[in-house]
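Novice: Structure in structure tokens, see below.
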2 protein chains.
Amino acid sequence: MPFRKALSFDSPAPCDTCPILEDSLCLPLPEKQRNGVRCMARGRLVPQGQPIFEEGEEVGFFASILTGVVKLFRAVPGKPAQIVTFLYPPQFLGYTSGDVHRYSAAATTEVELCIYPRSDFHSMLEESGGLRRKMLEKTDQDLELAREWVVMLSRKSSYQRVAGIIAIFAQRTQRKAGTNLRFFLPVSRADLAAYLGMTLETVSRNITILRQKRLIELRSTREVVVPHIESLLAEADMLN
Amino acid sequence: MPFRKALSFDSPAPCDTCPILEDSLCLPLPEKQRNGVRCMARGRLVPQGQPIFEEGEEVGFFASILTGVVKLFRAVPGKPAQIVTFLYPPQFLGYTSGDVHRYSAAATTEVELCIYPRSDFHSMLEESGGLRRKMLEKTDQDLELAREWVVMLSRKSSYQRVAGIIAIFAQRTQRKAGTNLRFFLPVSRADLAAYLGMTLETVSRNITILRQKRLIELRSTREVVVPHIESLLAEADMLN
DNA sequence: CGAGTTCTTGACTCGCCTCAATTTGAGTGG
DNA sequence: CCACTCAAATTGAGGCGAGTCAAGAACTCG
């Protein structure tokens, strides 16, 4: 796969092996336009930790996430940055109606992107009603998530938030249905703290408590086993 | 105005006197479809405090807000509800891609709505690309607001949040540009607290502090004068 | 003018942050 | 493979901001 090797330069979009085809932006397009997208799209591999775009920067491109996890965050003067969301495949990255990015984005794991130059994407959006429908759907989901997070941040204790985020990651990385999930945390404690709106120390303490209560096990600092996801969700008051 | 008198029953949409025409959903529609909307839309007057729809309820209609202020909130077991956003004209209310409302909505002031039955609106959305563009734009704005609020809630002190929300209300209700804004708070202290994610007492205390610092004046509990909006914004760390 | 609601103020408590010290883990070179 | 180094994570002690509980003041409406 030549795509995998291209670290600094973009390659042709890897449409033949697209990992998110079922839920991609391309699928709703008619054949002709899909080929148009194929032409304008580029593949890009972003190493772990690397920035993708910065808050305040002019919007140059949008992107679909093919693999990996991206964090979207806002710097806050005098305080640690606030992570606003973690984005997984097949989510869309960087869309704004404005000209300027309101948040910074960076790769928390190695990330594969499918890049669309801004102007190309906008004219595509003008032409295709199906694309617009898809974008509306995705934006609506993001809105729902952001509002969930507002509730999470202001009405839950630090313990509940930590329990909750681990349960969320567990479910997202879930291989098969059923209990006893084992997965790899794609983010550091510092990133968890920045997402949960608390300090790294408090995250750590609560993880310890969860471990003592046997609600989670740690194989290593990043490798988590959740013996019973419902218990964990209950702890976070997230059943229903 | 017959519309104003209709409290319990819906009236024909008051399109001739539509207060939000410039930024309405109707404007982007071609003449023919606009008449279609006229047919399906109904006016509704909701008294202060009345619910508009409830979380968990099946989505029956969407609505544009013509006048007044609506709160969108989520009940949290064992705690006060969390208000997720306040909606002003010409914002759109209740849109979800799902079948069920995820939040409750209620009128914080008397509210005039323009109601669209769900199925009619959906088929309209299928037909009109312009409408879809408008909806995408609005949803994107809402997303932006929700994410702003995530940052507000998790990175600002209670004092900053109170200063910030008053500044926001001041700017929104602003008659004319310039300093020395005077306006009417459209919400109770309890609603402020539910929005800011804190207690009513803490809201009150911080208002007192702002008053002592001469950053605001209270003519009555709900009538606020902001002598110098920039100072207030600075206090909330919201300049730039 | 009273009765109920809404708002303010006070005293006390507790959860989370701060600062600081270890401990663990990952990467490097001998 | 092990010692060394640096970053990441855990653990501890102490302080402060915001919550809780409770009283009193100020509005609103009949």
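As shown in the structure tokens, the chain order sets the letters A, B, ...; within each chain, residues go from 1, and ligands are also counted from 1 in the order they appear.
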Given only C-alpha atoms (C1' of nucleotides), how would the per-residue table for chain C near chain A read, listing every residue at most 12 Å away with its closest atom pair and distance in Å to one decimal, sorted by chain and number, as JSON lines?
Specialist:
{"residue": "C:DG15", "atom": "C1'", "partner": "A:Ser157", "partner_atom": "CA", "distance": 8.6}
{"residue": "C:DC16", "atom": "C1'", "partner": "A:Thr202", "partner_atom": "CA", "distance": 7.4}
{"residue": "C:DC17", "atom": "C1'", "partner": "A:Thr199", "partner_atom": "CA", "distance": 7.4}
{"residue": "C:DT18", "atom": "C1'", "partner": "A:Thr199", "partner_atom": "CA", "distance": 10.0}
{"residue": "C:DC19", "atom": "C1'", "partner": "A:Glu201", "partner_atom": "CA", "distance": 11.6}
{"residue": "C:DT24", "atom": "C1'", "partner": "A:Thr221", "partner_atom": "CA", "distance": 9.4}
{"residue": "C:DG25", "atom": "C1'", "partner": "A:Thr221", "partner_atom": "CA", "distance": 8.7}
{"residue": "C:DA26", "atom": "C1'", "partner": "A:Thr221", "partner_atom": "CA", "distance": 11.8}
Novice: For chain A, work out the contacting residues on chain D at 10 Å, counting only C-alpha atoms (C1' of nucleotides), and write them as JSON, numbers by chain.
Specialist: {"D": [8, 9, 10, 11]}
Novice: Mind writing the picked residues with N, CA and C atoms (P, O5', C5', C4', C3', O3' and C1' of nucleotides) as a short mmCIF file (atom, residue, chain, number, x, y, z; two decimals), in the first residue's frame?
Specialist:
data_model
loop_
_atom_site.label_atom_id
_atom_site.label_comp_id
_atom_site.auth_asym_id
_atom_site.auth_seq_id
_atom_site.Cartn_x
_atom_site.Cartn_y
_atom_site.Cartn_z
P DA D 8 4.76 12.79 28.24
"O5'" DA D 8 4.28 11.61 29.19
"C5'" DA D 8 4.30 10.28 28.71
"C4'" DA D 8 3.61 9.41 29.73
"C3'" DA D 8 2.25 9.95 30.19
"O3'" DA D 8 1.34 8.88 30.21
"C1'" DA D 8 3.69 9.67 32.05
P DA D 9 -0.15 9.03 30.79
"O5'" DA D 9 0.03 8.54 32.28
"C5'" DA D 9 0.40 7.19 32.53
"C4'" DA D 9 0.43 6.95 34.01
"C3'" DA D 9 -0.86 7.30 34.75
"O3'" DA D 9 -1.31 6.13 35.43
"C1'" DA D 9 1.04 8.20 35.85
P DT D 10 -2.58 6.12 36.36
"O5'" DT D 10 -1.95 6.27 37.82
"C5'" DT D 10 -1.05 5.26 38.28
"C4'" DT D 10 -0.48 5.65 39.62
"C3'" DT D 10 -1.50 5.85 40.76
"O3'" DT D 10 -1.16 4.93 41.79
"C1'" DT D 10 0.11 7.59 40.73
P DT D 11 -2.14 4.64 43.01
"O5'" DT D 11 -1.66 5.68 44.11
"C5'" DT D 11 -0.35 5.56 44.65
"C4'" DT D 11 -0.05 6.79 45.49
"C3'" DT D 11 -1.12 7.16 46.54
"O3'" DT D 11 -0.55 6.99 47.82
"C1'" DT D 11 -0.23 9.07 45.44
#
Novice: Could the residues of chain A that have an atom at most 10 Å from chain B be listed as a Markdown table, each with its closest atom pair and the distance in Å to one decimal, counting only C-alpha atoms and ordered by chain and ascending residue number?
Specialist:
| residue | atom | partner | partner_atom | distance |
| --- | --- | --- | --- | --- |
| A:Phe73 | CA | B:Val151 | CA | 9.2 |
| A:Arg74 | CA | B:Val151 | CA | 7.7 |
| A:Ala75 | CA | B:Val151 | CA | 9.4 |
| A:Val76 | CA | B:Arg155 | CA | 7.5 |
| A:Pro77 | CA | B:Asp237 | CA | 8.7 |
| A:Lys79 | CA | B:Arg155 | CA | 7.5 |
| A:Pro80 | CA | B:Arg155 | CA | 8.5 |
| A:Ala81 | CA | B:Arg155 | CA | 8.6 |
| A:Gln82 | CA | B:Val151 | CA | 6.2 |
| A:Ile83 | CA | B:Val151 | CA | 8.3 |
| A:Val84 | CA | B:Arg147 | CA | 6.4 |
| A:Thr85 | CA | B:Arg147 | CA | 8.8 |
| A:Tyr95 | CA | B:Asp140 | CA | 8.6 |
| A:Thr96 | CA | B:Asp140 | CA | 6.9 |
| A:Ser97 | CA | B:Glu137 | CA | 6.6 |
| A:Gly98 | CA | B:Gln141 | CA | 9.6 |
| A:Arg102 | CA | B:Glu144 | CA | 8.4 |
| A:Tyr103 | CA | B:Arg147 | CA | 9.6 |
| A:Leu125 | CA | B:Arg133 | CA | 8.9 |
| A:Glu126 | CA | B:Arg133 | CA | 8.5 |
| A:Glu127 | CA | B:Gly129 | CA | 9.3 |
| A:Ser128 | CA | B:Gly129 | CA | 8.6 |
| A:Gly129 | CA | B:Gly129 | CA | 5.8 |
| A:Gly130 | CA | B:Gly129 | CA | 9.2 |
| A:Arg132 | CA | B:Arg132 | CA | 6.8 |
| A:Arg133 | CA | B:Arg132 | CA | 6.9 |
| A:Lys134 | CA | B:Leu136 | CA | 9.9 |
| A:Met135 | CA | B:Leu136 | CA | 7.3 |
| A:Leu136 | CA | B:Leu136 | CA | 5.1 |
| A:Glu137 | CA | B:Ser97 | CA | 6.6 |
| A:Lys138 | CA | B:Ser97 | CA | 9.6 |
| A:Thr139 | CA | B:Asp140 | CA | 6.4 |
| A:Asp140 | CA | B:Thr139 | CA | 6.4 |
| A:Gln141 | CA | B:Ser97 | CA | 8.2 |
| A:Asp142 | CA | B:Leu143 | CA | 7.0 |
| A:Leu143 | CA | B:Leu143 | CA | 4.8 |
| A:Glu144 | CA | B:Leu143 | CA | 8.3 |
| A:Leu145 | CA | B:Leu143 | CA | 9.3 |
| A:Ala146 | CA | B:Ala146 | CA | 5.9 |
| A:Arg147 | CA | B:Ala146 | CA | 6.0 |
| A:Glu148 | CA | B:Val84 | CA | 8.7 |
| A:Trp149 | CA | B:Val150 | CA | 7.0 |
| A:Val150 | CA | B:Val150 | CA | 5.4 |
| A:Val151 | CA | B:Gln82 | CA | 6.2 |
| A:Met152 | CA | B:Val150 | CA | 9.6 |
| A:Leu153 | CA | B:Ser154 | CA | 6.6 |
| A:Ser154 | CA | B:Gly197 | CA | 5.0 |
| A:Arg155 | CA | B:Gly197 | CA | 6.9 |
| A:Lys156 | CA | B:Val76 | CA | 9.4 |
| A:Ala194 | CA | B:Ser154 | CA | 9.3 |
| A:Tyr195 | CA | B:Ser154 | CA | 9.2 |
| A:Leu196 | CA | B:Ser154 | CA | 8.0 |
| A:Gly197 | CA | B:Ser154 | CA | 5.0 |
| A:Met198 | CA | B:Ser154 | CA | 7.8 |
| A:Asp237 | CA | B:Pro77 | CA | 8.7 |
Novice: Per DSSP on the backbone, filter segment 44-150 of chain A down to the residues in alpha helix (DSSP H) and report them as a ChimeraX atom specification.
Specialist: /A:118-127,129-150
Novice: Go through segment 16-192 of chain B and collect every residue that DSSP, computed from the backbone, puts in strand (DSSP E); the answer should be as a count of residues only.
Specialist: 48
Novice: Applying 12 Å and only C-alpha atoms (C1' of nucleotides), which residues near segment 1-3 of chain C remain after dropping the ones on its own chain fewer than 3 positions away? List them as a list in words.
Specialist: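 Counting only the stated atoms, we get DT28, DC29 and DG30 of chain D.
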Novice: Emit the selected residues as a PDB file, in the first residue's frame, including N, CA and C atoms (P, O5', C5', C4', C3', O3' and C1' of nucleotides).
Specialist:
ATOM      1  P    DT D  28     -41.771  42.705  40.442  1.00  0.00           P
ATOM      2  O5'  DT D  28     -42.926  41.664  40.817  1.00  0.00           O
ATOM      3  C5'  DT D  28     -42.642  40.277  40.834  1.00  0.00           C
ATOM      4  C4'  DT D  28     -43.939  39.499  40.973  1.00  0.00           C
ATOM      5  C3'  DT D  28     -45.145  40.133  40.285  1.00  0.00           C
ATOM      6  O3'  DT D  28     -45.884  39.095  39.669  1.00  0.00           O
ATOM      7  C1'  DT D  28     -45.623  39.821  42.565  1.00  0.00           C
ATOM      8  P    DC D  29     -46.947  39.390  38.543  1.00  0.00           P
ATOM      9  O5'  DC D  29     -48.291  38.826  39.146  1.00  0.00           O
ATOM     10  C5'  DC D  29     -48.240  37.671  39.991  1.00  0.00           C
ATOM     11  C4'  DC D  29     -49.480  37.576  40.844  1.00  0.00           C
ATOM     12  C3'  DC D  29     -50.704  38.302  40.270  1.00  0.00           C
ATOM     13  O3'  DC D  29     -51.839  37.474  40.404  1.00  0.00           O
ATOM     14  C1'  DC D  29     -50.287  39.047  42.457  1.00  0.00           C
ATOM     15  P    DG D  30     -53.180  37.900  39.712  1.00  0.00           P
ATOM     16  O5'  DG D  30     -54.234  37.665  40.876  1.00  0.00           O
ATOM     17  C5'  DG D  30     -54.347  36.382  41.485  1.00  0.00           C
ATOM     18  C4'  DG D  30     -54.782  36.523  42.926  1.00  0.00           C
ATOM     19  C3'  DG D  30     -56.224  37.021  43.097  1.00  0.00           C
ATOM     20  O3'  DG D  30     -56.840  36.303  44.146  1.00  0.00           O
ATOM     21  C1'  DG D  30     -54.754  38.491  44.222  1.00  0.00           C
TER      22       DG D  30
END
Novice: What gap, in Å, lies between atom CA of Met40 of chain A and atom CA of Cys114 of chain A?
Specialist: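 The value is 9.9 Å.
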Novice: Check the smallest atom-to-atom distance from each of A:Leu29, A:Ile20, A:Leu45, A:Leu192 to Phe169 of chain A using only C-alpha atoms, then report the winner.
Specialist: A:Leu192
Novice: Would you compute the distance between atom C1' of DA3 of chain D and atom C1' of DT23 of chain C? Give it in Å to one decimal.
Specialist: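 Computing the Euclidean distance for atom C1' of DA3 of chain D and atom C1' of DT23 of chain C yields 17.5 Å.
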Novice: Can you pull out every residue within 12 Å of Asp120 of chain A, counting only C-alpha atoms (C1' of nucleotides), but drop anything in the same chain fewer than 6 positions away, and send it as an MDAnalysis selection string?
Specialist: chainID A and resid 33 36:41 60:62 126:127
Novice: Limited to C-alpha atoms, could you put the picked residues into a file as a short mmCIF file (atom, residue, chain, number, x, y, z; two decimals), in the first residue's frame?
Specialist:
data_model
loop_
_atom_site.label_atom_id
_atom_site.label_comp_id
_atom_site.auth_asym_id
_atom_site.auth_seq_id
_atom_site.Cartn_x
_atom_site.Cartn_y
_atom_site.Cartn_z
CA GLN A 33 -20.04 13.17 -8.92
CA GLY A 36 -15.41 14.09 -9.09
CA VAL A 37 -14.78 13.54 -5.42
CA ARG A 38 -12.24 10.90 -6.27
CA CYS A 39 -10.36 13.50 -8.21
CA MET A 40 -10.39 16.18 -5.59
CA ALA A 41 -9.74 13.94 -2.59
CA GLY A 60 -8.05 25.22 3.78
CA PHE A 61 -9.60 21.79 3.64
CA PHE A 62 -12.10 19.45 5.20
CA GLU A 126 -23.79 23.34 -3.93
CA GLU A 127 -24.33 20.75 -6.60
#
